[in-house]
Amino acid sequence: MAAAIAMVCCASTQALRASELSSTFAAEFSVVKGEVKTVVFKSSLHCKNCMQKVQENLAFEKGVKGLEISLEKNTIKLTYDPKKTSEEKLAAAIRKLGYKAEK
């Protein structure tokens, strides 16, 4: 009986620690998430080859966390870490590939 009580106590302590850890992780994640910015550029993309060229090159730009391209809207949506890059640098990278990049 004493062994059963000890197991229940240990299980509840571990569950409490797990919930503390997950709330700590969530707090840390929200801090990291707050450091990310998003910008949308109007561009001159006109085909899937253009889209692929932009995807292959911008994915490796320093600080880029996410990339969404819409051929229908001619837009490039970038999620980035402002500590590592800026909107100006990202626009310059798009222009270097031969496309316009207007905010």
# chains A, B, ... in the order shown; residues from 1 in each chain; ligands from 1
>>> residues_around(residues="stretch 41-57 of chain A", least_positions_apart="5", cutoff="8 Å", atoms="only C-alpha atoms", output="list in words")
Leu67, Ile69, Leu71, Lys73, Asn74, Thr75, Ile76, Lys77, Ala91, Ile94, Leu97, Tyr99, Lys100, Ala101, Glu102 and Lys103 of chain A
>>> write_last_selection(atoms="all heavy atoms", output="compact mmCIF listing (two decimals), in the first residue's frame")
# COMPACT_ATOMS: atom_id res chain seq x y z
N LEU A 67 8.77 32.06 -46.12
CA LEU A 67 8.65 32.64 -47.44
C LEU A 67 7.38 32.14 -48.10
O LEU A 67 7.15 30.93 -48.15
CB LEU A 67 9.88 32.25 -48.27
CG LEU A 67 9.91 32.58 -49.75
CD1 LEU A 67 9.92 34.08 -49.96
CD2 LEU A 67 11.15 31.97 -50.38
N ILE A 69 5.09 32.89 -51.68
CA ILE A 69 5.05 33.60 -52.96
C ILE A 69 3.69 33.35 -53.60
O ILE A 69 3.22 32.22 -53.65
CB ILE A 69 6.17 33.11 -53.88
CG1 ILE A 69 7.53 33.38 -53.24
CG2 ILE A 69 6.07 33.80 -55.24
CD1 ILE A 69 8.69 32.80 -53.99
N LEU A 71 1.86 33.97 -57.21
CA LEU A 71 1.94 34.41 -58.60
C LEU A 71 0.70 35.21 -58.99
O LEU A 71 0.79 36.15 -59.78
CB LEU A 71 2.10 33.21 -59.54
CG LEU A 71 3.47 32.55 -59.55
CD1 LEU A 71 3.46 31.32 -60.45
CD2 LEU A 71 4.54 33.51 -60.02
N LYS A 73 -1.12 37.21 -57.14
CA LYS A 73 -1.06 38.56 -56.57
C LYS A 73 0.27 39.25 -56.86
O LYS A 73 0.43 40.43 -56.55
CB LYS A 73 -1.28 38.51 -55.06
CG LYS A 73 -2.64 37.99 -54.66
CD LYS A 73 -2.74 37.92 -53.15
CE LYS A 73 -4.04 37.32 -52.70
NZ LYS A 73 -4.13 37.17 -51.24
N ASN A 74 1.24 38.50 -57.40
CA ASN A 74 2.60 39.01 -57.61
C ASN A 74 3.20 39.56 -56.32
O ASN A 74 3.73 40.66 -56.28
CB ASN A 74 2.65 40.08 -58.70
CG ASN A 74 2.57 39.48 -60.08
OD1 ASN A 74 3.00 38.36 -60.30
ND2 ASN A 74 2.02 40.22 -61.03
N THR A 75 3.11 38.75 -55.27
CA THR A 75 3.65 39.18 -53.98
C THR A 75 4.64 38.16 -53.43
O THR A 75 4.56 36.96 -53.72
CB THR A 75 2.54 39.38 -52.93
OG1 THR A 75 1.81 38.17 -52.76
CG2 THR A 75 1.62 40.51 -53.33
N ILE A 76 5.56 38.67 -52.64
CA ILE A 76 6.52 37.85 -51.90
C ILE A 76 6.38 38.25 -50.44
O ILE A 76 6.64 39.40 -50.08
CB ILE A 76 7.97 38.09 -52.38
CG1 ILE A 76 8.10 37.79 -53.87
CG2 ILE A 76 8.94 37.26 -51.55
CD1 ILE A 76 9.43 38.24 -54.47
N LYS A 77 5.95 37.30 -49.62
CA LYS A 77 5.77 37.55 -48.19
C LYS A 77 6.92 36.87 -47.45
O LYS A 77 7.10 35.67 -47.56
CB LYS A 77 4.44 36.99 -47.72
CG LYS A 77 4.15 37.20 -46.26
CD LYS A 77 2.80 36.62 -45.90
CE LYS A 77 2.50 36.75 -44.42
NZ LYS A 77 1.20 36.16 -44.08
N ALA A 91 14.70 43.48 -49.78
CA ALA A 91 14.30 44.07 -51.05
C ALA A 91 15.48 44.08 -52.02
O ALA A 91 15.33 43.77 -53.21
CB ALA A 91 13.78 45.49 -50.84
N ILE A 94 15.94 40.66 -53.54
CA ILE A 94 14.95 40.39 -54.59
C ILE A 94 15.35 41.12 -55.87
O ILE A 94 15.31 40.55 -56.97
CB ILE A 94 13.53 40.81 -54.13
CG1 ILE A 94 13.08 39.93 -52.97
CG2 ILE A 94 12.54 40.73 -55.28
CD1 ILE A 94 11.83 40.42 -52.26
N LEU A 97 18.02 39.54 -57.92
CA LEU A 97 17.56 38.41 -58.73
C LEU A 97 16.88 38.87 -60.02
O LEU A 97 16.56 38.06 -60.87
CB LEU A 97 16.58 37.54 -57.92
CG LEU A 97 17.18 36.83 -56.71
CD1 LEU A 97 16.08 36.17 -55.89
CD2 LEU A 97 18.20 35.81 -57.16
N TYR A 99 14.05 41.14 -60.09
CA TYR A 99 12.62 41.43 -59.91
C TYR A 99 12.45 42.70 -59.10
O TYR A 99 13.30 43.06 -58.29
CB TYR A 99 11.92 40.26 -59.20
CG TYR A 99 12.13 38.96 -59.91
CD1 TYR A 99 13.03 38.02 -59.42
CD2 TYR A 99 11.46 38.67 -61.09
CE1 TYR A 99 13.25 36.82 -60.06
CE2 TYR A 99 11.67 37.47 -61.75
CZ TYR A 99 12.57 36.55 -61.23
OH TYR A 99 12.79 35.37 -61.89
N LYS A 100 11.32 43.36 -59.31
CA LYS A 100 11.07 44.55 -58.48
C LYS A 100 10.58 44.11 -57.11
O LYS A 100 10.04 43.01 -56.95
CB LYS A 100 10.10 45.51 -59.16
CG LYS A 100 8.73 45.00 -59.37
CD LYS A 100 7.87 46.06 -60.06
CE LYS A 100 6.42 45.56 -60.03
NZ LYS A 100 5.49 46.55 -60.49
N ALA A 101 10.80 44.98 -56.13
CA ALA A 101 10.41 44.69 -54.75
C ALA A 101 9.87 45.98 -54.14
O ALA A 101 10.63 46.77 -53.59
CB ALA A 101 11.59 44.15 -53.97
N GLU A 102 8.56 46.20 -54.25
CA GLU A 102 7.93 47.39 -53.70
C GLU A 102 7.06 46.99 -52.53
O GLU A 102 6.35 46.02 -52.58
CB GLU A 102 7.07 48.06 -54.78
CG GLU A 102 7.86 48.49 -55.99
CD GLU A 102 6.99 48.95 -57.14
OE1 GLU A 102 5.74 48.84 -57.04
OE2 GLU A 102 7.54 49.41 -58.14
N LYS A 103 7.15 47.78 -51.47
CA LYS A 103 6.36 47.50 -50.27
C LYS A 103 4.92 47.84 -50.48
O LYS A 103 4.53 48.70 -51.17
CB LYS A 103 6.90 48.31 -49.09
CG LYS A 103 7.18 47.45 -47.93
CD LYS A 103 7.77 48.23 -46.84
CE LYS A 103 6.98 47.92 -45.59
NZ LYS A 103 7.36 48.63 -44.45
>>> closest_residue(among="A:Val36, A:Glu72, A:Gly66, A:Leu58", to="A:Lys89", atoms="only C-alpha atoms")
A:Leu58
>>> atom_distance(atom1="atom CA of A:Glu35", atom2="atom CA of A:Lys65")
11.0 Å
>>> atom_distance(atom1="atom CA of A:Lys83", atom2="atom CA of A:Ser70")
26.2 Å
>>> atom_distance(atom1="atom CA of A:Thr38", atom2="atom CA of A:Val64")
9.8 Å
